[in-house]
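Participant: One structure, pasted below without further comment.
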Amino acid sequence: MSPACFFSRSTIAVAVTAGLLTLATTGCSPKDETAESGCASTVHDASLAVEVSDQVRLLDMALVRCRSLQQLTGEMGKYPGIVGYDLNTFVQLRCSRVTDESVRSSPACLSFTATTPPPVTAPAELVFVGETLDGRRIEIRPDADTVFVGSVPQVVQQTVDIAVESGCDGVIAQRDLWASRINDPVVGDEASVYAHHAQNVADYIGCQSPPIPTVAPGCAAGLSR
């Protein structure tokens, strides 16, 4: 295991003074500006990326090209499961880890220095779409065994908190814990989503992690929740 990557919540709200990406606005509607900035097309390309490194690179480009945090998360929200957890949390974590000044000074990253938090709207129905280790998309809803925190399962938020507090070692331990349960006939699919999500978090914060423990073909549970 490589050394753990430690970072604190206090590093997330980083204010930098580099100039923001600007475009000529004369005669352009908001829809035209979105097209010119490349925000939507870059997020779309990121949603299709197979390699995590390609997706991270494209999402960094989207951080720069999108005019605001709301525009970025609005485009990302068109592709459920694009990062596997809460979009605002993803942006906050990425902004705290990236070294590229053009990304750190992007409108989305700078939004975390605002004194007034954005309004929170509760969804009519809580549904979390996650990806399993074998590439399937499943829906997870709150029930007696699955507690949600905001719009995501508690385990998903817990993994993000572990990344903030314990770094790579904690995230990999969380990944392996859930990977060991993917053969469970009741929670196998859900455990697979949590393991896959933990691996994504490890990749996003730059962990040099060992591969996920393998599972014999056909052993994963076939139940969706």
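Convention: chains lettered A, B, ... in structure tokens order; per-chain residue numbering from 1; ligands numbered from 1 as shown.
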Tell me which protein, DNA and RNA residues are within 12 Å of A:Thr159, counting only C-alpha atoms, leaving out same-chain ones fewer than 2 positions away, and put them as a ChimeraX atom specification.
Facilitator: /A:84-86,89-90,152-157,161-178,193-202
Participant: Enumerate as number ranges by chain all residues of stretch 44-212 of chain A assigned to alpha helix (DSSP H) by DSSP on the backbone, naming them with the chain letters and numbers the document uses.
Facilitator: A: 44-48, 52-65, 69-76, 87-97, 101-104, 107-110, 154-179, 188-204
Participant: Contacts between stretch 94-99 of chain A and stretch 106-181 of chain A, please, where a residue of stretch 106-181 of chain A counts if it comes within 10 Å (with only C-alpha atoms); show its shortest atom pair and distance in Å to one decimal, rows by chain and ascending number, as CSV.
Facilitator:
residue,atom,partner,partner_atom,distance
A:Ser106,CA,A:Cys95,CA,9.1
A:Ala108,CA,A:Cys95,CA,8.5
A:Cys109,CA,A:Cys95,CA,5.5
A:Leu110,CA,A:Cys95,CA,8.7
A:Phe112,CA,A:Cys95,CA,9.1
Participant: Give me, please, the distance in Å between atom CA of A:Gly81 and atom CA of A:Asp145, quoted to one decimal.
Facilitator: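 Straight-line distance from atom CA of A:Gly81 to atom CA of A:Asp145 works out to 21.4 Å.
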Participant: Can you tell me how far atom CA of A:Ser68 sits from atom CA of A:Glu131, in Å to one decimal?
Facilitator: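 Value for the atom CA of A:Ser68-atom CA of A:Glu131 distance: 27.0 Å.
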Participant: Just to confirm, what's the straight-line distance from atom CA of A:Gln208 to atom CA of A:Gln55 in Å (one decimal)?
Facilitator: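 So the answer is 17.2 Å.
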Participant: Would you mind telling me which residue in A:Glu125, A:Asp189, A:Glu101, A:Asp184 lies nearest to A:Arg137 when using only C-alpha atoms?
Facilitator: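 Once distances to A:Arg137 are computed over only C-alpha atoms, the minimum belongs to A:Asp189.
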Participant: Write down as a short mmCIF file (atom, residue, chain, number, x, y, z; two decimals) with N, CA, C and O atoms, in the first residue's frame the residues belonging to stretch 32-202 of chain A that are assigned strand (DSSP E) by DSSP computed on the backbone.
Facilitator:
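Generated file (result-v5.cif):
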data_model
loop_
_atom_site.label_atom_id
_atom_site.label_comp_id
_atom_site.auth_asym_id
_atom_site.auth_seq_id
_atom_site.Cartn_x
_atom_site.Cartn_y
_atom_site.Cartn_z
N PHE A 128 -30.74 6.56 -6.02
CA PHE A 128 -29.32 6.67 -6.34
C PHE A 128 -28.99 5.64 -7.41
O PHE A 128 -29.26 4.45 -7.23
N VAL A 129 -28.44 6.09 -8.52
CA VAL A 129 -28.04 5.19 -9.60
C VAL A 129 -26.54 4.94 -9.48
O VAL A 129 -25.74 5.87 -9.56
N GLY A 130 -26.17 3.70 -9.26
CA GLY A 130 -24.77 3.34 -9.10
C GLY A 130 -24.34 2.27 -10.07
O GLY A 130 -25.17 1.54 -10.63
N GLU A 131 -23.04 2.18 -10.26
CA GLU A 131 -22.48 1.18 -11.18
C GLU A 131 -21.80 0.08 -10.38
O GLU A 131 -21.03 0.34 -9.45
N ARG A 137 -25.68 -0.82 -14.22
CA ARG A 137 -26.24 0.32 -13.49
C ARG A 137 -27.46 -0.16 -12.72
O ARG A 137 -28.37 -0.74 -13.32
N ILE A 138 -27.50 0.08 -11.43
CA ILE A 138 -28.66 -0.32 -10.63
C ILE A 138 -29.16 0.87 -9.83
O ILE A 138 -28.42 1.82 -9.56
N GLU A 139 -30.42 0.81 -9.46
CA GLU A 139 -31.03 1.86 -8.65
C GLU A 139 -31.08 1.42 -7.19
O GLU A 139 -31.49 0.29 -6.89
N ILE A 140 -30.67 2.30 -6.31
CA ILE A 140 -30.72 2.05 -4.87
C ILE A 140 -31.67 3.07 -4.25
O ILE A 140 -31.52 4.28 -4.47
N PHE A 148 -30.17 6.90 3.75
CA PHE A 148 -29.64 7.94 2.86
C PHE A 148 -29.22 9.15 3.69
O PHE A 148 -29.82 9.47 4.71
N VAL A 149 -28.18 9.80 3.21
CA VAL A 149 -27.76 11.10 3.76
C VAL A 149 -27.92 12.10 2.63
O VAL A 149 -27.18 12.07 1.65
N VAL A 152 -27.82 10.69 -1.27
CA VAL A 152 -26.96 9.52 -1.53
C VAL A 152 -27.03 8.54 -0.37
O VAL A 152 -27.32 8.93 0.78
N PRO A 153 -26.75 7.26 -0.61
CA PRO A 153 -26.70 6.30 0.48
C PRO A 153 -25.63 6.70 1.51
O PRO A 153 -24.59 7.27 1.16
#
Participant: Of the candidates A:Gly188, A:Pro211, A:Gly38, A:Gly150, which shows the shortest atom-to-atom distance to A:Asn88, using only C-alpha atoms?
Facilitator: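 So, comparing all the options, the nearest one is A:Gly150.
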Participant: Show which residues sit within 8 Å of A:Arg67, as a count of residues only. Count only C-alpha atoms, and ignore same-chain residues fewer than 5 positions away.
Facilitator: 6
Participant: Restricting the calculation to only C-alpha atoms, which member of A:Ala191, A:Thr42, A:Tyr204, A:Val64 is positioned closest to A:Val83?
Facilitator: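 Smallest distance to A:Val83 is found for A:Tyr204.
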